[in-house]
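Notes for the one structure printed next.
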Amino acid sequence: MYAADVALLVVDLQPDFMPGGALPCQQGDAIVPGIAALLASRHYRTVVATQDWHPADHVSFASQHAGRAPFEVIDLHGHAQTLWPDHCVQGSPGAALDPRVGWDVADLILRKGTDQQVDSYSAFRENHGPRGGRPATGLAGWLHERGITEVHVCGLARDYCVLWSAQDAAISGFRVRFLWELTRPVSSANDAATRIALVEGGIEVVG
């Protein structure tokens with residue numbers, strides 16, 4: 001068992017990010033058994049899971065922008081925004097947490113991306129705010145108050161939500177371990193850049 005000050009963060013392990021889903025990660029389902037076993041082992045005394053939870057008219061959906069296609073990048077509120085296929089719509093089957101994992105051990109399930117006007121990759125902060133800042137989700141404070149000093153991160157997608165969550169965890173003052181083999185990307189073409197970003201962020205990459 002890990003020390004009491006170490007937490008596991010499982011990011012967006014949802015059907016829409018699996019093969020056959022609305023926004024599939026490459027081999028996204030391959031990490032489910034490993035994460036399920038990790039939670040079942042109860043090696044972590046604190047477990048947090050995030051859940052992408054978008055309104056049906058979310059601004060990040062290409063369907064909300066006439067003439068635009070998924071994966072195009074637009075300027076939104078002064079920031080670059082990738083447009084995505086509709087995914088993880090609130091209450092839809094694709095937005096559920098993967099049923100092959102025993103989520104009863106999770107101490108907190110954090111829903112993100114609920115603001116219609118703002119995308120949310122990170123578990124710790126929105127992508128941007130109305131005045132250029134990135135509003136906090138409150139997760140850092142919750143972890144700090146529980147005495148957590150180190151966060152281990154896994155889930156989907158390696159090159160977006162898991163990466164941003166790991167970076168923001170480090171910025172928030174936690175030691176961070178990135179469980180590479182328990183993540184999968186939207187595109188493996190981003191793997192080299194992801195590793196560089198993790199190293200630059202002082203994040204330990206395992207695997």
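Here's how to read the names in the structure tokens: chain A, B, ... by the order shown, residue numbers from 1 in each chain, ligand numbers from 1 in the order shown.
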
From stretch 71-156 of chain A, collect each residue whose DSSP state is strand (DSSP E or B) and return the set as an NGL selection string. :A and (73-76 or 79-82 or 84 or 89 or 108-112 or 125 or 136 or 150-156)

Report as a tab-separated table the residues of stretch 103-145 of chain A within 9 Å of stretch 3-11 of chain A, each with its shortest atom pair and distance in Å (one decimal), using only C-alpha atoms, ordered by chain and increasing residue number.
```
residue	atom	partner	partner_atom	distance
A:Ser122	CA	A:Val11	CA	8.8
A:Ala123	CA	A:Val11	CA	7.6
A:Leu143	CA	A:Ala7	CA	8.2
```

May I have the selected residues written with C-alpha atoms, as a PDB file, in the first residue's frame?
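File again.pdb, as written:
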```pdb
ATOM      1  CA  SER A 122      -7.552  19.216 -16.674  1.00  0.00           C
ATOM      2  CA  ALA A 123      -8.992  17.843 -13.452  1.00  0.00           C
ATOM      3  CA  LEU A 143      -6.291  16.986  -1.955  1.00  0.00           C
TER       4      LEU A 143
END
```

Just the residues within 10 Å of A:Leu76, please, counting only C-alpha atoms, with nothing from its chain fewer than 2 positions along; format it as a PyMOL selection string. chain A and resi 59-60+73-74+78-82+117-118+128

I need the residues from that last selection saved to file as a short mmCIF file (atom, residue, chain, number, x, y, z; two decimals), in the first residue's frame (with C-alpha atoms), if you can.
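Okay, again-v1.cif is ready:
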```cif
data_model
loop_
_atom_site.label_atom_id
_atom_site.label_comp_id
_atom_site.auth_asym_id
_atom_site.auth_seq_id
_atom_site.Cartn_x
_atom_site.Cartn_y
_atom_site.Cartn_z
CA VAL A 59 -18.92 24.95 -27.31
CA SER A 60 -16.14 22.42 -28.01
CA VAL A 73 -8.87 24.39 -34.48
CA ILE A 74 -10.61 27.72 -34.04
CA GLY A 78 -8.96 34.42 -27.50
CA HIS A 79 -7.66 30.87 -27.13
CA ALA A 80 -7.04 28.01 -29.54
CA GLN A 81 -9.86 25.46 -29.33
CA THR A 82 -9.86 22.04 -30.95
CA GLN A 117 -18.81 27.97 -22.88
CA VAL A 118 -15.53 26.47 -21.63
CA HIS A 128 -9.48 29.27 -19.67
#
```

Residue neighbourhood A:Tyr160, 9 Å, only C-alpha atoms, exclusion window fewer than 3 positions, as a PyMOL selection string: chain A and resi 121-122+156-157+163-165+185-186+194

What lies within 7 Å of A:Ala62 using only C-alpha atoms, ignoring chain neighbours under 6 positions off, as a ChimeraX atom specification? /A:68-70,83-85

Deliver the residues from the most recent selection as a file, using C-alpha atoms, as a tab-separated table (two decimals), in the first residue's frame.
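Output file selection-v1.tsv follows:
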```tsv
chain	number	residue	atom	x	y	z
A	68	ARG	CA	-16.66	23.31	-39.13
A	69	ALA	CA	-15.49	19.71	-38.83
A	70	PRO	CA	-14.14	17.72	-35.87
A	83	LEU	CA	-13.35	21.13	-32.11
A	84	TRP	CA	-14.41	17.63	-31.12
A	85	PRO	CA	-17.11	15.20	-32.12
```

Set the distance at 6 Å and use only C-alpha atoms: which residues neighbour A:Cys154 once local chain neighbours fewer than 6 positions away are removed? I'd like the list as a PyMOL selection string. chain A and resi 10+179+182-183

Interface rows for stretch 9-58 of chain A against stretch 106-112 of chain A: nearest pair, Å to one decimal, 8 Å, only C-alpha atoms, as CSV:
```
residue,atom,partner,partner_atom,distance
A:Thr46,CA,A:Asp107,CA,6.2
A:Val47,CA,A:Ala106,CA,4.8
A:Val48,CA,A:Leu108,CA,4.9
A:Ala49,CA,A:Ile109,CA,4.8
A:Thr50,CA,A:Leu110,CA,4.6
A:Gln51,CA,A:Arg111,CA,4.7
A:Asp52,CA,A:Lys112,CA,5.2
A:Trp53,CA,A:Lys112,CA,5.7
A:His54,CA,A:Lys112,CA,7.6
```

Just to be explicit: take each residue in the selection above, keep C-alpha atoms, and write the result as a PDB file, in the first residue's frame.
```pdb
ATOM      1  CA  THR A  46      -7.261   8.171  -1.751  1.00  0.00           C
ATOM      2  CA  VAL A  47      -8.719   7.681  -5.231  1.00  0.00           C
ATOM      3  CA  VAL A  48     -10.198  10.399  -7.438  1.00  0.00           C
ATOM      4  CA  ALA A  49     -11.947   9.787 -10.756  1.00  0.00           C
ATOM      5  CA  THR A  50     -12.878  12.469 -13.267  1.00  0.00           C
ATOM      6  CA  GLN A  51     -15.813  12.318 -15.644  1.00  0.00           C
ATOM      7  CA  ASP A  52     -16.155  14.464 -18.762  1.00  0.00           C
ATOM      8  CA  TRP A  53     -19.728  15.748 -18.477  1.00  0.00           C
ATOM      9  CA  HIS A  54     -20.720  18.097 -21.282  1.00  0.00           C
TER      10      HIS A  54
END
```

For each of A:Met18, A:Val105, A:Val153, A:Val32, take the minimum atom-to-atom distance to A:His87, counting only C-alpha atoms, then give the residue where this is smallest.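 Nearest candidate to A:His87 out of A:Met18, A:Val105, A:Val153, A:Val32: A:Met18.
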
When you look at A:Gly28 with a cut-off of 7 Å (counting only C-alpha atoms), what residues show up, excluding the ones that are within fewer than 6 positions of it in the same chain? I need them as JSON, numbers by chain. {"A": [17, 18, 19, 184]}

Taking only C-alpha atoms into account, produce a table as a tab-separated table in which each residue of stretch 87-168 of chain A with an atom at most 10 Å from an atom of stretch 199-207 of chain A appears once, together with its shortest atom pair and the distance in Å to one decimal, ordered by chain and rising number.
```
residue	atom	partner	partner_atom	distance
A:His152	CA	A:Glu204	CA	9.4
A:Val153	CA	A:Val205	CA	9.9
A:Ala166	CA	A:Ile203	CA	7.5
A:Gln167	CA	A:Gly201	CA	6.2
A:Asp168	CA	A:Gly201	CA	9.2
```

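Checking A:Ala37, A:Leu198, A:Ala136, A:Val151 one by one against A:Val176, counting only C-alpha atoms, you find the shortest gap at A:Val151.
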
Give the answer as one residue: which of A:Phe61, A:His43, A:Trp180, A:Glu72 has the shortest atom-to-atom distance to A:Asp119, using only C-alpha atoms?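 Counting only C-alpha atoms, the residue closest to A:Asp119 is A:Phe61.
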
Run DSSP on the backbone and grab whatever in chain A lands in alpha helix (DSSP H); send it over as a count of residues only. 36

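With distances restricted to only C-alpha atoms, A:Arg158 is the closest residue to A:Ser187 from A:Ile171, A:Arg158, A:Thr137, A:Leu97.
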